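Shown here: model-v7.cif, mmCIF, C-alpha atoms.
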data_target
#
loop_
_atom_site.label_atom_id
_atom_site.label_comp_id
_atom_site.auth_asym_id
_atom_site.auth_seq_id
_atom_site.Cartn_x
_atom_site.Cartn_y
_atom_site.Cartn_z
CA MET A 696 93.17 83.78 106.84
CA ARG A 697 94.43 83.19 110.38
CA TYR A 698 93.67 85.88 112.92
CA PHE A 699 96.15 88.74 113.18
CA GLU A 700 96.22 91.98 115.10
CA TYR A 701 96.09 95.12 113.00
CA VAL A 702 97.85 98.38 113.80
CA GLU A 703 97.93 101.80 112.17
CA PRO A 704 101.14 103.70 112.94
CA LYS A 705 100.92 107.47 112.61
CA THR A 706 104.64 107.99 112.00
CA LEU A 707 107.49 106.07 110.43
CA ASP A 708 109.13 105.84 113.83
CA GLU A 709 106.03 104.21 115.25
CA ALA A 710 105.88 101.78 112.31
CA CYS A 711 109.49 100.72 112.99
CA GLN A 712 108.74 100.32 116.68
CA PHE A 713 105.77 98.06 115.95
CA LEU A 714 107.95 95.95 113.64
CA ASN A 715 110.64 95.80 116.29
CA THR A 716 108.27 94.86 119.11
CA TYR A 717 106.26 92.26 117.21
CA GLU A 718 108.76 89.90 115.63
CA GLU A 719 106.08 88.15 113.60
CA ALA A 720 104.65 91.37 112.17
CA LYS A 721 104.36 92.12 108.46
CA ILE A 722 103.92 95.38 106.60
CA LEU A 723 100.66 96.00 104.74
CA ALA A 724 100.99 98.35 101.75
CA GLY A 725 98.77 97.66 98.72
CA GLY A 726 98.08 94.13 99.92
CA VAL A 727 98.01 92.59 96.44
CA SER A 728 100.74 90.02 97.14
CA LEU A 729 100.41 89.97 100.93
CA VAL A 730 96.70 89.07 101.10
CA VAL A 731 97.20 86.16 98.68
CA LEU A 732 100.01 84.86 100.91
CA LEU A 733 97.77 85.26 103.98
CA LYS A 734 94.84 83.48 102.34
CA ASN A 735 97.02 80.53 101.39
CA ARG A 736 98.58 80.54 104.87
CA LEU A 737 102.03 80.77 103.36
CA ILE A 738 102.63 83.38 106.04
CA THR A 739 100.84 83.70 109.39
CA PRO A 740 101.92 87.01 110.90
CA SER A 741 100.89 88.01 114.42
CA HIS A 742 100.37 91.64 113.36
CA LEU A 743 99.84 93.65 110.20
CA VAL A 744 101.35 97.13 110.27
CA ASN A 745 99.45 99.30 107.82
CA LEU A 746 102.04 101.60 106.26
CA LYS A 747 99.39 103.68 104.49
CA THR A 748 98.56 105.52 107.70
CA VAL A 749 102.10 106.96 107.73
CA PRO A 750 101.98 110.26 105.83
CA GLY A 751 104.48 111.36 103.19
CA LEU A 752 105.38 108.06 101.54
CA ASN A 753 103.67 108.73 98.23
CA LYS A 754 105.59 111.68 96.86
CA ILE A 755 107.28 111.73 93.46
CA GLU A 756 109.92 114.43 93.13
CA TRP A 757 112.69 115.42 90.75
CA ASP A 758 115.67 117.66 91.27
CA ASP A 759 118.77 118.08 89.13
CA ARG A 760 121.20 116.81 91.75
CA ALA A 761 119.37 113.91 93.41
CA GLY A 762 117.36 112.86 90.36
CA LEU A 763 114.04 111.10 90.87
CA ARG A 764 112.78 110.25 94.32
CA ILE A 765 109.73 108.00 94.45
CA GLY A 766 107.93 107.27 97.72
CA SER A 767 107.46 103.54 98.22
CA LEU A 768 103.68 103.78 98.70
CA ASN A 769 102.99 105.06 95.20
CA ARG A 770 100.57 102.82 93.37
CA HIS A 771 101.54 101.46 89.97
CA ARG A 772 98.89 103.74 88.52
CA ASN A 773 100.75 106.82 89.86
CA ILE A 774 104.02 105.55 88.36
CA ILE A 775 102.33 105.25 84.96
CA ASP A 776 100.79 108.74 85.11
CA SER A 777 103.57 110.69 86.86
CA ALA A 778 104.86 113.60 84.76
CA PRO A 779 108.39 113.65 86.32
CA ILE A 780 108.80 109.89 85.79
CA LYS A 781 107.54 110.07 82.21
CA LYS A 782 109.98 112.89 81.56
CA HIS A 783 113.11 111.65 83.32
CA PHE A 784 112.79 107.85 83.40
CA PRO A 785 109.92 106.81 81.10
CA ILE A 786 110.99 103.16 81.08
CA LEU A 787 109.62 102.87 84.63
CA SER A 788 106.18 104.07 83.54
CA GLU A 789 106.35 101.61 80.66
CA ALA A 790 107.22 98.74 83.02
CA ALA A 791 104.43 99.73 85.46
CA SER A 792 101.89 99.76 82.62
CA LYS A 793 102.76 96.11 81.95
CA ILE A 794 101.95 94.94 85.48
CA ALA A 795 98.89 92.68 85.65
CA THR A 796 95.49 94.36 85.20
CA PRO A 797 94.00 97.84 85.77
CA SER A 798 92.53 97.02 89.17
CA ILE A 799 95.79 95.49 90.39
CA ARG A 800 97.62 98.61 89.17
CA ASN A 801 95.15 100.69 91.21
CA MET A 802 96.05 98.71 94.35
CA GLY A 803 99.66 97.53 94.25
CA THR A 804 102.53 99.77 95.34
CA VAL A 805 106.04 100.18 93.96
CA GLY A 806 107.50 99.32 97.38
CA GLY A 807 105.43 96.16 97.60
CA ASN A 808 106.42 95.11 94.10
CA ILE A 809 110.10 95.43 95.06
CA CYS A 810 109.96 93.95 98.56
CA HIS A 811 107.89 90.91 97.54
CA ALA A 812 111.03 89.96 95.55
CA GLU A 813 109.21 87.90 92.97
CA PRO A 814 111.94 87.27 90.36
CA SER A 815 109.53 87.89 87.46
CA ALA A 816 108.27 91.23 88.82
CA ASP A 817 108.26 94.05 86.27
CA LEU A 818 109.59 97.08 88.17
CA PRO A 819 112.90 95.72 89.57
CA PRO A 820 114.55 95.14 86.15
CA ALA A 821 113.67 98.68 85.04
CA LEU A 822 114.94 100.15 88.32
CA MET A 823 118.11 98.09 88.17
CA ALA A 824 118.82 99.15 84.59
CA GLY A 825 118.51 102.75 85.84
CA ASN A 826 120.93 102.26 88.78
CA ALA A 827 118.29 102.86 91.44
CA THR A 828 119.05 103.03 95.15
CA LEU A 829 116.60 102.04 97.85
CA ARG A 830 116.31 104.04 101.08
CA ALA A 831 115.31 101.93 104.07
CA VAL A 832 114.55 103.22 107.56
CA SER A 833 114.60 101.35 110.89
CA SER A 834 114.52 102.39 114.53
CA LYS A 835 118.35 102.47 114.43
CA GLY A 836 118.58 104.88 111.50
CA GLU A 837 118.56 104.62 107.76
CA ARG A 838 120.63 103.09 104.98
CA LYS A 839 120.80 103.27 101.22
CA ILE A 840 120.90 99.98 99.37
CA PRO A 841 121.87 99.76 95.69
CA ILE A 842 119.01 97.76 94.17
CA GLU A 843 121.37 95.11 92.77
CA LEU A 844 122.29 94.21 96.37
CA PHE A 845 118.67 94.10 97.58
CA PHE A 846 117.46 90.72 96.33
CA THR A 847 118.95 87.56 97.84
CA ASP A 848 116.78 84.67 96.58
CA TYR A 849 113.24 83.81 95.46
CA TYR A 850 110.97 86.10 97.52
CA GLU A 851 113.87 87.10 99.79
CA ASN A 852 115.51 90.48 100.32
CA VAL A 853 118.08 92.06 102.63
CA LEU A 854 115.69 94.09 104.79
CA ASN A 855 115.70 93.37 108.50
CA GLN A 856 112.45 92.76 110.35
CA ASP A 857 112.24 96.36 111.59
CA GLU A 858 113.27 98.01 108.32
CA VAL A 859 110.87 99.81 106.00
CA LEU A 860 111.57 100.67 102.36
CA VAL A 861 110.55 104.32 102.14
CA GLU A 862 111.97 105.69 98.91
CA ILE A 863 113.42 104.71 95.56
CA GLN A 864 116.04 107.05 94.13
CA ILE A 865 117.12 107.15 90.51
CA PRO A 866 120.15 109.38 89.97
CA PRO A 867 120.20 111.75 86.96
CA PHE A 868 121.62 110.31 83.74
CA PRO A 869 124.83 111.86 82.35
CA SER A 870 123.12 113.45 79.33
CA GLN A 871 119.70 114.17 77.85
CA ARG A 872 119.91 111.61 75.04
CA LEU A 873 118.31 108.78 76.99
CA GLY A 874 116.62 105.76 75.47
CA GLY A 875 115.21 102.75 77.23
CA THR A 876 112.58 100.08 77.11
CA TYR A 877 111.09 97.20 79.07
CA ILE A 878 110.14 94.20 76.97
CA LYS A 879 107.93 91.61 78.60
CA LEU A 880 107.26 88.18 77.16
CA ASP A 881 104.01 86.83 78.58
CA LYS A 882 101.36 84.19 77.77
CA VAL A 883 98.44 86.62 77.70
CA THR A 884 98.76 90.39 77.94
CA ASN A 885 100.39 91.43 81.19
CA SER A 886 100.38 88.00 82.83
CA ILE A 887 103.53 87.01 84.71
CA ALA A 888 106.75 87.62 82.76
CA ILE A 889 108.28 84.52 81.17
CA VAL A 890 111.22 86.81 80.42
CA GLY A 891 111.50 90.53 81.13
CA VAL A 892 114.28 92.68 79.70
CA ALA A 893 114.94 96.28 80.75
CA SER A 894 117.60 98.33 79.02
CA VAL A 895 118.76 101.92 79.27
CA ILE A 896 121.24 103.63 76.96
CA CYS A 897 122.48 107.20 77.21
CA LEU A 898 124.56 108.97 74.53
CA ASP A 899 126.68 112.11 74.56
CA ASP A 900 126.57 114.81 71.85
CA GLN A 901 128.93 112.79 69.64
CA GLY A 902 126.69 109.72 69.91
CA VAL A 903 129.13 107.92 72.21
CA CYS A 904 127.58 105.79 74.94
CA ASN A 905 128.08 107.29 78.43
CA PHE A 906 125.56 105.15 80.35
CA ALA A 907 124.33 101.62 79.82
CA GLY A 908 122.09 99.49 82.02
CA LEU A 909 120.65 96.06 81.29
CA CYS A 910 118.65 93.80 83.58
CA LEU A 911 116.61 90.61 83.18
CA GLY A 912 113.57 89.34 85.04
CA GLY A 913 112.20 85.80 85.26
CA VAL A 914 115.43 84.00 84.44
CA ALA A 915 117.09 83.50 87.84
CA SER A 916 116.21 83.46 91.54
CA THR A 917 116.48 87.27 91.57
CA PRO A 918 116.37 90.00 88.92
CA LEU A 919 119.66 89.68 87.07
CA LYS A 920 121.84 92.67 86.22
CA VAL A 921 124.08 92.23 83.17
CA GLU A 922 127.10 94.08 84.51
CA ARG A 923 129.28 93.46 81.45
CA VAL A 924 127.12 95.70 79.28
CA LYS A 925 129.10 98.65 80.67
CA GLU A 926 132.39 97.15 79.50
CA ILE A 927 130.90 96.46 76.06
CA PHE A 928 129.07 99.79 75.50
CA LEU A 929 130.73 102.61 77.45
CA GLY A 930 132.87 104.92 75.33
CA GLU A 931 131.68 103.27 72.12
CA LYS A 932 129.51 104.31 69.23
CA ILE A 933 127.20 101.34 69.65
CA LYS A 934 127.00 98.97 66.70
CA GLU A 935 125.08 95.77 66.01
CA THR A 936 128.09 93.67 67.06
CA HIS A 937 128.13 95.31 70.51
CA MET A 938 124.46 94.53 70.97
CA GLU A 939 124.93 90.92 69.86
CA GLN A 940 127.78 90.57 72.32
CA ALA A 941 125.65 91.97 75.17
CA ALA A 942 122.73 89.71 74.25
CA LYS A 943 125.04 86.67 74.28
CA GLU A 944 126.37 87.68 77.68
CA ALA A 945 122.79 88.04 79.00
CA GLN A 946 121.98 84.58 77.67
CA THR A 947 125.11 83.06 79.22
CA ILE A 948 124.51 84.39 82.72
CA SER A 949 120.76 83.69 82.83
CA ASN A 950 119.83 80.61 84.80
CA PRO A 951 116.08 80.08 84.42
CA LEU A 952 113.79 77.36 85.72
CA THR A 953 111.35 75.23 83.80
CA ASN A 954 107.85 75.72 85.13
CA VAL A 955 104.24 75.71 83.95
CA TYR A 956 104.77 78.92 81.94
CA ALA A 957 107.86 77.99 79.91
CA THR A 958 110.87 75.70 79.76
CA ALA A 959 114.31 76.87 80.83
CA GLU A 960 115.58 76.27 77.29
CA TYR A 961 112.91 78.49 75.75
CA ARG A 962 113.53 81.25 78.28
CA LYS A 963 117.25 81.20 77.52
CA GLU A 964 116.57 81.48 73.78
CA MET A 965 114.20 84.36 74.40
CA VAL A 966 116.75 86.17 76.57
CA TYR A 967 119.03 86.48 73.54
CA VAL A 968 116.26 87.54 71.14
CA LEU A 969 114.60 90.03 73.48
CA THR A 970 117.83 91.54 74.83
CA ARG A 971 118.94 92.36 71.30
CA LYS A 972 115.55 93.83 70.54
CA ALA A 973 115.51 95.89 73.76
CA LEU A 974 119.00 97.26 73.08
CA GLN A 975 118.14 98.11 69.46
CA GLU A 976 115.00 99.96 70.57
CA SER A 977 116.83 101.78 73.35
CA LEU A 978 119.60 102.90 71.01
CA LYS A 979 117.10 104.08 68.41
CA LYS A 980 115.24 106.11 71.03
CA ALA A 981 118.45 107.65 72.39
CA GLN A 982 119.62 108.58 68.89
CA ALA A 983 116.28 110.22 68.15
CA MET A 984 116.52 112.49 71.23
CA MET B 571 89.92 87.82 118.97
CA LEU B 572 89.32 91.50 118.82
CA LYS B 573 86.61 92.91 116.57
CA ARG B 574 86.91 96.50 115.44
CA GLU B 575 84.15 99.04 115.00
CA ILE B 576 84.36 100.52 111.51
CA GLN B 577 82.24 102.60 109.19
CA LEU B 578 82.13 102.01 105.45
CA ASP B 579 80.66 104.29 102.79
CA ILE B 580 79.02 101.97 100.27
CA ASN B 581 76.86 103.32 97.43
CA GLY B 582 76.42 106.54 99.40
CA ASN B 583 75.15 104.79 102.55
CA VAL B 584 77.26 104.65 105.69
CA TYR B 585 77.31 101.24 107.38
CA SER B 586 78.55 100.80 110.97
CA LEU B 587 80.05 97.36 111.38
CA SER B 588 81.97 95.27 113.85
CA VAL B 589 84.62 93.25 111.97
CA LEU B 590 87.71 91.15 112.56
CA PRO B 591 90.79 92.67 110.91
CA GLN B 592 91.22 89.75 108.51
CA ARG B 593 87.76 90.16 106.96
CA THR B 594 88.00 91.14 103.31
CA LEU B 595 85.80 93.81 101.81
CA LEU B 596 84.20 91.07 99.69
CA GLU B 597 83.25 89.04 102.76
CA VAL B 598 81.85 92.09 104.53
CA LEU B 599 79.84 93.17 101.48
CA ARG B 600 78.29 89.76 100.91
CA GLU B 601 78.00 88.29 104.39
CA ASP B 602 77.68 91.22 106.78
CA ILE B 603 75.80 93.73 104.65
CA GLY B 604 74.00 91.37 102.28
CA LEU B 605 75.09 93.06 99.06
CA THR B 606 75.51 89.83 97.10
CA GLY B 607 75.79 91.49 93.66
CA THR B 608 79.57 91.37 94.12
CA LYS B 609 80.68 87.80 93.41
CA GLU B 610 83.49 85.62 94.68
CA GLY B 611 85.52 83.82 92.01
CA CYS B 612 89.18 82.88 92.37
CA SER B 613 89.62 84.98 95.53
CA GLU B 614 93.23 85.64 94.52
CA GLY B 615 92.90 88.73 92.36
CA GLU B 616 93.03 86.97 88.99
CA CYS B 617 89.44 86.77 87.73
CA GLY B 618 87.89 90.17 88.45
CA VAL B 619 84.37 89.05 89.44
CA CYS B 620 84.75 90.74 92.85
CA THR B 621 85.57 94.13 91.26
CA VAL B 622 84.13 97.17 93.02
CA LEU B 623 84.96 100.85 92.59
CA LEU B 624 86.98 102.51 95.35
CA ASP B 625 86.97 106.29 94.91
CA GLY B 626 85.95 105.71 91.31
CA LEU B 627 88.69 103.23 90.45
CA PRO B 628 88.24 99.48 89.99
CA VAL B 629 89.82 97.33 92.71
CA ARG B 630 89.61 93.69 93.81
CA SER B 631 87.42 93.42 96.91
CA CYS B 632 88.82 89.93 97.59
CA LEU B 633 92.30 91.38 98.22
CA LEU B 634 91.28 94.38 100.31
CA LEU B 635 90.83 94.22 104.05
CA ALA B 636 87.57 95.91 104.99
CA ILE B 637 89.31 97.70 107.85
CA ASP B 638 91.75 99.20 105.33
CA VAL B 639 89.12 100.96 103.17
CA ARG B 640 87.53 103.14 105.82
CA GLY B 641 87.37 106.66 104.49
CA GLY B 642 87.04 105.53 100.87
CA LYS B 643 83.88 105.69 98.78
CA ILE B 644 82.90 102.22 97.63
CA MET B 645 80.52 101.51 94.78
CA THR B 646 79.12 98.05 94.10
CA ILE B 647 76.83 96.96 91.26
CA GLU B 648 73.83 97.69 93.51
CA GLY B 649 74.79 101.38 93.51
CA LEU B 650 74.57 101.80 89.75
CA SER B 651 70.85 102.08 89.03
CA GLN B 652 69.12 105.34 89.91
CA LYS B 653 65.60 105.13 91.41
CA GLY B 654 65.04 101.74 89.82
CA ASP B 655 66.25 102.91 86.41
CA LEU B 656 69.08 100.79 85.08
CA HIS B 657 72.37 102.48 84.21
CA PRO B 658 73.03 102.82 80.43
CA LEU B 659 75.76 100.17 80.74
CA GLN B 660 73.34 97.73 82.36
CA LYS B 661 70.77 98.36 79.62
CA ALA B 662 73.39 97.97 76.89
CA PHE B 663 74.61 94.66 78.37
CA ILE B 664 71.05 93.31 78.29
CA GLU B 665 70.32 94.61 74.78
CA HIS B 666 73.54 93.22 73.29
CA GLY B 667 73.35 89.84 74.95
CA ALA B 668 76.58 90.61 76.79
CA ILE B 669 75.34 88.51 79.69
CA GLN B 670 75.19 84.74 79.64
CA CYS B 671 75.67 83.08 83.02
CA GLY B 672 75.98 86.55 84.54
CA PHE B 673 78.68 85.74 87.08
CA CYS B 674 81.29 88.12 85.65
CA THR B 675 78.74 90.82 84.83
CA PRO B 676 78.83 92.96 88.01
CA GLY B 677 82.62 93.25 87.86
CA MET B 678 82.59 93.68 84.10
CA ILE B 679 80.08 96.54 84.27
CA LEU B 680 81.96 98.33 87.06
CA SER B 681 85.25 98.09 85.15
CA ALA B 682 83.42 99.39 82.08
CA LYS B 683 82.03 102.28 84.13
CA ALA B 684 85.55 103.23 85.23
CA ILE B 685 86.67 103.20 81.58
CA LEU B 686 83.83 105.47 80.46
CA ASP B 687 84.21 107.81 83.46
CA GLN B 688 87.80 108.50 82.40
CA ASN B 689 87.26 108.41 78.66
CA PRO B 690 83.71 108.83 77.35
CA LEU B 691 84.59 107.58 73.84
CA PRO B 692 87.21 104.84 74.21
CA SER B 693 88.60 102.89 71.27
CA GLU B 694 88.05 99.15 71.09
CA GLU B 695 91.65 98.67 72.21
CA GLU B 696 91.12 100.92 75.22
CA ILE B 697 87.98 99.00 76.16
CA ARG B 698 89.83 95.67 75.84
CA GLY B 699 92.70 97.04 77.97
CA GLY B 700 90.33 98.37 80.62
CA LEU B 701 88.49 95.03 80.81
CA SER B 702 91.65 92.91 80.67
CA GLY B 703 91.33 92.05 84.36
CA ASN B 704 87.78 90.71 84.07
CA LEU B 705 87.46 87.16 82.80
CA CYS B 706 84.30 85.92 81.08
CA ARG B 707 84.02 82.22 80.27
CA CYS B 708 80.77 82.47 78.26
CA THR B 709 80.59 85.32 75.80
CA GLY B 710 83.96 85.44 74.06
CA TYR B 711 84.00 89.17 74.94
CA VAL B 712 82.77 90.48 71.56
CA LYS B 713 79.26 91.24 72.78
CA ILE B 714 80.62 92.79 75.96
CA ILE B 715 82.80 95.18 73.97
CA LYS B 716 79.88 96.02 71.66
CA ALA B 717 77.73 96.76 74.73
CA VAL B 718 80.36 99.11 76.18
CA GLN B 719 80.66 100.89 72.82
CA ALA B 720 76.87 101.24 72.66
CA ALA B 721 76.73 102.64 76.19
CA ALA B 722 79.48 105.12 75.30
CA GLN B 723 77.36 106.44 72.43
CA ARG B 724 74.44 107.28 74.77
#
When written as structure tokens, how does the structure in this file appear?
Amino acid sequence: MRYFEYVEPKTLDEACQFLNTYEEAKILAGGVSLVVLLKNRLITPSHLVNLKTVPGLNKIEWDDRAGLRIGSLNRHRNIIDSAPIKKHFPILSEAASKIATPSIRNMGTVGGNICHAEPSADLPPALMAGNATLRAVSSKGERKIPIELFFTDYYENVLNQDEVLVEIQIPPFPSQRLGGTYIKLDKVTNSIAIVGVASVICLDDQGVCNFAGLCLGGVASTPLKVERVKEIFLGEKIKETHMEQAAKEAQTISNPLTNVYATAEYRKEMVYVLTRKALQESLKKAQAM
Amino acid sequence: MLKREIQLDINGNVYSLSVLPQRTLLEVLREDIGLTGTKEGCSEGECGVCTVLLDGLPVRSCLLLAIDVRGGKIMTIEGLSQKGDLHPLQKAFIEHGAIQCGFCTPGMILSAKAILDQNPLPSEEEIRGGLSGNLCRCTGYVKIIKAVQAAAQR
């Protein structure tokens, strides 16, 4: 690693000021992705700003109006174990439990997983399927970014140099009958996703779909939201043909690469198979609620 | 380059050190303190040989900056035996032949300790899940799992 200066802000304001003053500064959260980049000299920041010395960024709260609010410094382990997340958006706990290995889950943070913008990362598809919004703070104020507008390319996101992701918000779903899943296709358990599929389905009392979210990981330069699933599912009593149609749409819009883990052709085939499976499981869970 | 004065709590002993901010916990353990039980493998968080316990939970010392773990309680393999008496996991690893070249063993035993601390009687699947981040290129894992099961029975 090249030499860098290291600072510990005591407040969010101070963290933003550091990032503003030192243009080559990077944020240190869990360090899992960052330290690997530093070791390989893929990045050579002048300063590391340790966000963990800023208090209050690891809360997990639920209220009926705002829904779930998850502080960006929560470790994957907290996401897996959190009672409010397991109750209100269990698919996120499921996705977190499929990240890498126990020690990585003890270190990595939800904010880091999102901001690193690795297109195969496990949390962004689940969050996107749940319509999450990201709250970012800078010295000029704050803004809320719908997660589908956050990622711009491989390892790129919309945050400015002095902006910090502080919170992930997942609004309440329209009814209690919620079903969802995150299916991950990997070479060995919990290695990088060849394809990841997150789906969320919500039904009203008559069994009619009133919320549908579908998102893919590992098949484009960013996590890929399948917007058309709303058109296909909303207002319908979901049948096999609807799910086939959504899976075909997911396959059509996916644009994967061939790399050492899998060919593009194989990934595209798997998108169809796994999307159907994810939707079937989600529907079954929602119907059982 | 500016060194920082830090204190680290390792195996119950407090060490005062002067380190550069880019020094990893692994480097400080092995090179500055001389605790060479913790090994360096891939140095990218994949292999698990550098595993130590931070506040009771397994972490990768190769991906942690030493300056970032002040205030935490760190346990390395050297902290496991009590007054020269090996820990039940260490004994079980020896008895079951769960050690061959020995390079993965410190990390493997610390991950196993974290499993048993949370769940004194884990299933085979839970043991496999808990050890999934520790690679062993010699044993084929069966003897390691048997050793953890044996230690759990004690």
Reference answer for the PyMOL selection byres ((chain A and resi 885-887) around 6), as a ChimeraX atom specification: /A:793-795,881,883-884,888
Residue list for chain A near chain B as an NGL selection string, 10 Å, all atoms listed in the file: :A and (696-703 or 723-735 or 742-743 or 745 or 747-748 or 795-803 or 883-886)
Residue contacts of B:Pro676 (8 Å, all atoms listed in the file) excluding same-chain residues fewer than 6 positions away, as a list in words: Gly607, Thr608, Lys609, Val619, Cys620, Thr621, Thr646 and Ile647 of chain B
d(atom CA of B:Asn581, atom CA of B:Ile644) in Å: 6.1 Å
Top pick for closest residue to A:Ser833, considering A:Pro918, A:Val895, A:Cys711, A:Gln901 and counting only C-alpha atoms: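 Comparing A:Pro918, A:Val895, A:Cys711, A:Gln901 against A:Ser833, the winner is A:Cys711.
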For atom CA of A:Ala973 and atom CA of A:Arg872, the interatomic separation in Å (one decimal): 16.4 Å
Atomic distance atom CA of B:Leu650 - atom CA of B:Asp602, expressed in Å with one decimal: 20.3 Å
Matched chain/residue IDs from the PyMOL selection byres ((chain A and resi 978-984) around 6), as a PyMOL selection string: chain A and resi 872-874+975-977
Selection under test: the PyMOL selection byres ((chain A and resi 718) around 10); residues as a list in words: Phe713, Leu714, Asn715, Thr716, Tyr717, Glu719, Ala720, Lys721, Pro740, Ser741, His742, Gln856 and Asp857 of chain A
Keeping only C-alpha atoms, write the selected residues to a file as a PDB file, in the coordinates of the input.
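So the final result, stored in out-v7.pdb, reads:
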ATOM      1  CA  PHE A 713     105.770  98.060 115.950  1.00  0.00           C
ATOM      2  CA  LEU A 714     107.950  95.950 113.640  1.00  0.00           C
ATOM      3  CA  ASN A 715     110.640  95.800 116.290  1.00  0.00           C
ATOM      4  CA  THR A 716     108.270  94.860 119.110  1.00  0.00           C
ATOM      5  CA  TYR A 717     106.260  92.260 117.210  1.00  0.00           C
ATOM      6  CA  GLU A 719     106.080  88.150 113.600  1.00  0.00           C
ATOM      7  CA  ALA A 720     104.650  91.370 112.170  1.00  0.00           C
ATOM      8  CA  LYS A 721     104.360  92.120 108.460  1.00  0.00           C
ATOM      9  CA  PRO A 740     101.920  87.010 110.900  1.00  0.00           C
ATOM     10  CA  SER A 741     100.890  88.010 114.420  1.00  0.00           C
ATOM     11  CA  HIS A 742     100.370  91.640 113.360  1.00  0.00           C
ATOM     12  CA  GLN A 856     112.450  92.760 110.350  1.00  0.00           C
ATOM     13  CA  ASP A 857     112.240  96.360 111.590  1.00  0.00           C
TER      14      ASP A 857
END
Neighbour list for A:Val914 as an NGL selection string, cut-off 8 Å, all atoms listed in the file, skip fewer than 5 positions in-chain: :A and (814-815 or 889-890 or 919 or 949-952 or 962-963)
Using all atoms listed in the file: which of A:Val924, A:Cys810, A:Leu974, A:Val955 has the shortest distance to A:Lys882: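 Closest residue, counting all atoms listed in the file: A:Val955.
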Nearest residue to B:Glu601 from the set B:Ile580, B:Val589, B:Leu686, B:Met678 (distances using all atoms listed in the file):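 That would be B:Val589, the residue with the smallest distance to B:Glu601.
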Surrounding residues of A:Leu763 excluding itself and chain neighbours under 6 positions, 10 Å, all atoms listed in the file, as a list in words: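 In the requested form, the answer reads Ile755, Glu756, Trp757, Pro779, Ile780, His783, Phe784, Ala827, Glu862, Ile863, Gln864, Ile865, Pro866 and Pro867 of chain A.
With all atoms listed in the file as the atoms that count, the residue of B:Glu696, B:Glu597, B:Glu665, B:Asp625 with the shortest distance to B:Ala721 is B:Glu665.
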Option closest in space to B:Gly642, from B:Leu605, B:Leu595, B:Ile679, B:Leu691 [counting only C-alpha atoms]: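 Smallest separation from B:Gly642 among the options: B:Leu595.
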Residue with smallest distance to B:Arg640 - pool B:Gln577, B:Gln723, B:Ser586, B:Thr675, counting only C-alpha atoms: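 Checking each candidate against B:Arg640, we get B:Gln577 as the closest.
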